[in-house]
Amino acid sequence: MIFVNGEPVDAGAEPTIRDVLLGLDIDPETAGIAVAVDAEVARRGVWPTRTLDDGARIEIVRAVQGG
């Protein structure tokens with residue numbers, strides 16, 4: 001079990017950041033997405049390979065335009 005934006009998510013065994021995004025119907029190629037793992041920003045280049053440990057806390061932020 002991992003936590004995404006404070007909510008528990010069952011993402012299977014050793015999911016990658018990319019796996020989690022796809023599981024949440026978020027296209028990892030979309031511009032304006034930032035991901036932090038355990039309060040450390042994860043560069044987009046590591047999303048396909050960075051595995052997440054049980055209990056990891058993931059924050060996903062999307063930039064939006066407007067005011």
# chains A, B, ... in the order shown; residues from 1 in each chain; ligands from 1
>>> residues_around(residues="Ala42 in chain A", least_positions_apart="2", cutoff="12 Å", atoms="only C-alpha atoms", output="number ranges by chain")
A: 16-18, 33-40, 44-52, 58-61
>>> write_last_selection(atoms="N, CA and C atoms", output="tab-separated table (two decimals), in the first residue's frame")
chain	number	residue	atom	x	y	z
A	16	THR	N	6.29	1.32	-10.28
A	16	THR	CA	7.10	2.49	-10.59
A	16	THR	C	6.20	3.72	-10.51
A	17	ILE	N	6.82	4.89	-10.50
A	17	ILE	CA	6.04	6.12	-10.52
A	17	ILE	C	5.14	6.13	-11.75
A	18	ARG	N	5.69	5.71	-12.88
A	18	ARG	CA	4.91	5.68	-14.12
A	18	ARG	C	3.70	4.75	-13.97
A	33	ILE	N	3.05	18.18	-14.97
A	33	ILE	CA	2.87	17.26	-13.85
A	33	ILE	C	4.19	17.20	-13.07
A	34	ALA	N	4.08	17.27	-11.76
A	34	ALA	CA	5.25	17.10	-10.89
A	34	ALA	C	4.93	16.02	-9.88
A	35	VAL	N	5.95	15.23	-9.53
A	35	VAL	CA	5.77	14.14	-8.58
A	35	VAL	C	6.86	14.22	-7.51
A	36	ALA	N	6.44	14.06	-6.26
A	36	ALA	CA	7.40	13.96	-5.15
A	36	ALA	C	7.17	12.62	-4.47
A	37	VAL	N	8.26	11.99	-4.09
A	37	VAL	CA	8.21	10.71	-3.37
A	37	VAL	C	8.86	10.94	-2.02
A	38	ASP	N	8.08	10.74	-0.97
A	38	ASP	CA	8.57	10.95	0.39
A	38	ASP	C	9.25	12.32	0.53
A	39	ALA	N	8.55	13.34	0.03
A	39	ALA	CA	8.94	14.75	0.13
A	39	ALA	C	10.16	15.14	-0.70
A	40	GLU	N	10.54	14.29	-1.67
A	40	GLU	CA	11.67	14.61	-2.55
A	40	GLU	C	11.17	14.57	-3.99
A	44	ARG	N	11.37	13.63	-13.94
A	44	ARG	CA	10.55	12.91	-14.92
A	44	ARG	C	11.33	11.73	-15.53
A	45	GLY	N	12.60	11.86	-15.72
A	45	GLY	CA	13.41	10.81	-16.33
A	45	GLY	C	13.46	9.51	-15.53
A	46	VAL	N	13.19	9.58	-14.22
A	46	VAL	CA	13.24	8.37	-13.40
A	46	VAL	C	11.87	7.72	-13.20
A	47	TRP	N	10.81	8.35	-13.67
A	47	TRP	CA	9.46	7.81	-13.46
A	47	TRP	C	9.30	6.37	-13.95
A	48	PRO	N	9.87	6.00	-15.11
A	48	PRO	CA	9.67	4.62	-15.58
A	48	PRO	C	10.43	3.57	-14.77
A	49	THR	N	11.47	3.98	-14.04
A	49	THR	CA	12.31	2.99	-13.35
A	49	THR	C	12.29	3.09	-11.83
A	50	ARG	N	11.88	4.21	-11.29
A	50	ARG	CA	11.87	4.41	-9.83
A	50	ARG	C	10.75	3.61	-9.20
A	51	THR	N	11.12	2.55	-8.47
A	51	THR	CA	10.11	1.74	-7.79
A	51	THR	C	9.76	2.36	-6.45
A	52	LEU	N	8.57	2.08	-6.01
A	52	LEU	CA	8.05	2.66	-4.78
A	52	LEU	C	7.90	1.58	-3.72
A	58	ILE	N	3.38	9.61	-1.97
A	58	ILE	CA	3.54	10.23	-3.27
A	58	ILE	C	2.64	11.46	-3.33
A	59	GLU	N	3.18	12.55	-3.81
A	59	GLU	CA	2.38	13.75	-4.05
A	59	GLU	C	2.45	14.04	-5.54
A	60	ILE	N	1.30	14.17	-6.16
A	60	ILE	CA	1.21	14.48	-7.58
A	60	ILE	C	0.54	15.85	-7.71
A	61	VAL	N	1.20	16.74	-8.44
A	61	VAL	CA	0.69	18.09	-8.61
A	61	VAL	C	0.58	18.37	-10.11
>>> residues_around(residues="Gly23 in chain A", least_positions_apart="6", cutoff="12 Å", atoms="only C-alpha atoms", output="ChimeraX atom specification")
/A:4,9-12,15-17
>>> select_by_dssp(residues="chain A", states="strand (DSSP E)", output="MDAnalysis selection string")
chainID A and resid 2:4 7:9 33:37 40:42 57:62
>>> atom_distance(atom1="CA of Arg43 in chain A", atom2="CA of Gly66 in chain A")
25.2 Å
>>> decode(residues="chain A", atoms="C-alpha atoms", output="short mmCIF file (atom, residue, chain, number, x, y, z; two decimals), in the first residue's frame")
data_model
loop_
_atom_site.label_atom_id
_atom_site.label_comp_id
_atom_site.auth_asym_id
_atom_site.auth_seq_id
_atom_site.Cartn_x
_atom_site.Cartn_y
_atom_site.Cartn_z
CA MET A 1 0.00 0.00 0.00
CA ILE A 2 1.26 3.45 -0.92
CA PHE A 3 -0.29 6.85 -0.31
CA VAL A 4 -1.06 9.23 -3.17
CA ASN A 5 -1.92 12.78 -2.14
CA GLY A 6 -2.76 11.42 1.31
CA GLU A 7 -5.07 8.63 0.10
CA PRO A 8 -4.18 4.92 0.36
CA VAL A 9 -3.70 3.21 -3.00
CA ASP A 10 -3.08 -0.49 -3.65
CA ALA A 11 -0.59 -0.28 -6.52
CA GLY A 12 0.66 -3.87 -6.48
CA ALA A 13 4.18 -5.07 -5.80
CA GLU A 14 7.00 -2.59 -6.42
CA PRO A 15 5.19 -0.22 -8.79
CA THR A 16 7.10 2.49 -10.59
CA ILE A 17 6.04 6.12 -10.52
CA ARG A 18 4.91 5.68 -14.12
CA ASP A 19 2.78 2.65 -13.13
CA VAL A 20 1.05 4.69 -10.45
CA LEU A 21 0.34 7.58 -12.81
CA LEU A 22 -1.11 5.25 -15.43
CA GLY A 23 -3.18 3.51 -12.75
CA LEU A 24 -4.68 6.90 -11.88
CA ASP A 25 -5.45 7.62 -15.57
CA ILE A 26 -2.74 10.29 -15.72
CA ASP A 27 -0.67 10.31 -18.90
CA PRO A 28 2.98 10.55 -17.76
CA GLU A 29 3.83 12.39 -20.99
CA THR A 30 1.49 15.28 -20.16
CA ALA A 31 3.28 18.57 -19.47
CA GLY A 32 2.77 20.29 -16.15
CA ILE A 33 2.87 17.26 -13.85
CA ALA A 34 5.25 17.10 -10.89
CA VAL A 35 5.77 14.14 -8.58
CA ALA A 36 7.40 13.96 -5.15
CA VAL A 37 8.21 10.71 -3.37
CA ASP A 38 8.57 10.95 0.39
CA ALA A 39 8.94 14.75 0.13
CA GLU A 40 11.67 14.61 -2.55
CA VAL A 41 10.93 15.72 -6.11
CA ALA A 42 11.33 12.88 -8.61
CA ARG A 43 12.71 13.94 -11.98
CA ARG A 44 10.55 12.91 -14.92
CA GLY A 45 13.41 10.81 -16.33
CA VAL A 46 13.24 8.37 -13.40
CA TRP A 47 9.46 7.81 -13.46
CA PRO A 48 9.67 4.62 -15.58
CA THR A 49 12.31 2.99 -13.35
CA ARG A 50 11.87 4.41 -9.83
CA THR A 51 10.11 1.74 -7.79
CA LEU A 52 8.05 2.66 -4.78
CA ASP A 53 8.37 0.91 -1.45
CA ASP A 54 5.40 -0.14 0.62
CA GLY A 55 4.25 2.87 2.63
CA ALA A 56 5.73 5.43 0.21
CA ARG A 57 4.03 8.81 0.21
CA ILE A 58 3.54 10.23 -3.27
CA GLU A 59 2.38 13.75 -4.05
CA ILE A 60 1.21 14.48 -7.58
CA VAL A 61 0.69 18.09 -8.61
CA ARG A 62 -0.70 19.40 -11.91
CA ALA A 63 -0.04 22.93 -13.06
CA VAL A 64 -3.13 24.73 -14.31
CA GLN A 65 -3.46 27.94 -16.24
CA GLY A 66 -5.82 30.69 -15.28
CA GLY A 67 -6.56 32.84 -12.34
#
